[in-house]
Amino acid sequence: MKIIILKTAEEIGVEAAKIFTDEVKNNPSCVLGLATGATPIPTYKNIQKTFNEGGITFKDVKTYNLDEYCDLPKADKNSYYTFMHEQLFNGLDILEENVHFLDGNTTDCEAECKRYDDEINNAGGIDIQLLGIGNNAHIGFNEPADEFTTGSFKVKLTDSTIEANKIYFDENPMPRYALTMGIKQIMSAKKVVLIATGPKKAEAVRNMIEGPVTAQVPASILQEHNDVVIFLDEDAASLLKK
Ligand code: PGA
């Protein structure tokens with residue numbers, strides 16, 4: 001694990017964005033795995049900034065998002081489909097047919113998950129996967145469990161995740177289920193970039209980096225990935241011993 005500790009979330013946004021825009025420059029038809037939540041917003045702002053400065057196109061880039069809530073209309077302000085368009089895609093020249101999501105409104109979750117996994121495989125797999133981390137060390141919506149998951153699946157969100165994300169749902173109740181890529185699938189990305197900022201992430205970060213590899217700390221599996229960069233601000237890094 002390559003661990004980079006910077007002072008602010010803004011600085012991390014600049015550095016993390018560089019990894020993605022360099023990939024797009026060097027490999028214009030790359031496949032990116034993307035994440036939602038508050039953490040990647042500065043990264044997305046900086047990807048848009050580099051795009052606006054010119055010399056880079058996303059026309060041949062494909063993206064696959066990690067997860068999506070179940071039973072939330074695509075157009076809802078809290079769907080990850082809406083989040084990604086508002087925070088990133090609307091500011092790029094990426095083609096709508098090249099941005100991909102799990103369909104949380106499907107009536108056949110199993111078939112939908114298989115479709116998504118097959119599409120990622122047919123696209124050649126993910127070149128760089130961006131991740132945040134939950135307060136409970138989830139990645140995607142892979143909550144603490146007895147076993148590491150494999151491909152995409154439907155998950156019941158834990159109380160910890162509902163507590164962390166319900167602030168965004170001011171009118172309607174937050175969905176209790178989501179579809180998410182699985183852990184083994186995330187691990188098959190050629191490169192992984194994980195960002196954690198703020199004091200609430202400190203314990204999860206310590207367990208991910210310094211604890212044993214266990215499905216109870218889903219992000220700890222990243223210790224076994226051979227190309228992972230972890231960006232931390234000082235608060236998120238505050239419980240690390242080394
Ligand atoms: P956050 O979510 O970026 O909103 O903290 C991260 C996550 O749950 O993976």
# chains A, B, ... in the order shown; residues from 1 in each chain; ligands from 1
>>> select_by_dssp(residues="stretch 31-223 of chain A", states="helix (DSSP H, G or I)", output="JSON, numbers by chain")
{"A": [41, 42, 43, 44, 45, 46, 47, 48, 49, 50, 51, 52, 80, 81, 82, 83, 84, 85, 86, 87, 89, 90, 91, 96, 97, 98, 109, 110, 111, 112, 113, 114, 115, 116, 117, 118, 119, 120, 121, 122, 159, 160, 161, 162, 163, 164, 165, 166, 167, 168, 183, 184, 185, 186, 187, 199, 200, 201, 202, 203, 204, 205, 206, 207, 208, 209, 210, 218, 219, 220, 221, 222, 223]}
>>> residues_near_ligand(ligand="ligand 1", cutoff="8 Å", atoms="only C-alpha atoms and all ligand atoms", output="mmCIF file with C-alpha atoms, in the first residue's frame")
data_model
loop_
_atom_site.group_PDB
_atom_site.id
_atom_site.type_symbol
_atom_site.label_atom_id
_atom_site.label_comp_id
_atom_site.auth_asym_id
_atom_site.auth_seq_id
_atom_site.Cartn_x
_atom_site.Cartn_y
_atom_site.Cartn_z
ATOM 1 C CA ALA A 35 -17.341 6.342 -6.301
ATOM 2 C CA THR A 36 -19.926 8.634 -4.738
ATOM 3 C CA GLY A 37 -20.186 10.335 -1.334
ATOM 4 C CA ALA A 38 -18.678 13.561 -0.051
ATOM 5 C CA THR A 39 -15.073 12.356 -0.266
ATOM 6 C CA PRO A 40 -14.520 12.291 -4.062
ATOM 7 C CA LEU A 131 -12.890 4.358 -3.489
ATOM 8 C CA GLY A 132 -14.007 6.136 -0.369
ATOM 9 C CA ILE A 133 -14.320 4.248 2.894
ATOM 10 C CA GLY A 134 -17.273 4.025 5.269
ATOM 11 C CA ASN A 135 -17.012 4.725 9.005
ATOM 12 C CA ALA A 137 -14.635 0.348 6.704
ATOM 13 C CA HIS A 138 -17.044 -0.580 3.920
ATOM 14 C CA ILE A 139 -15.906 -0.098 0.326
ATOM 15 C CA GLY A 140 -18.636 0.325 -2.235
ATOM 16 C CA PHE A 141 -21.536 -0.887 -0.121
ATOM 17 C CA THR A 161 -24.183 3.425 6.861
ATOM 18 C CA ALA A 164 -23.894 8.384 7.942
ATOM 19 C CA ASN A 165 -25.952 8.888 4.766
ATOM 20 C CA ALA A 196 -10.287 9.065 3.388
ATOM 21 C CA THR A 197 -10.688 12.459 4.989
ATOM 22 C CA LYS A 201 -12.647 7.802 9.222
#
>>> atom_distance(atom1="atom CA of A:Gly54", atom2="atom CA of A:Ala9")
24.4 Å
>>> closest_residue(among="A:Arg176, A:Lys45, A:Lys2, A:Lys166", to="A:Lys18", atoms="only C-alpha atoms")
A:Lys45
>>> select_by_dssp(residues="stretch 16-234 of chain A", states="strand (DSSP E or B)", output="PyMOL selection string")
chain A and resi 31-34+62-65+67-69+99-100+128-131+139+142+153-156+177-180+191-196+228-233
>>> closest_residue(among="A:Val193, A:Ala219, A:Met1, A:Val205", to="A:Glu15", atoms="only C-alpha atoms")
A:Val193
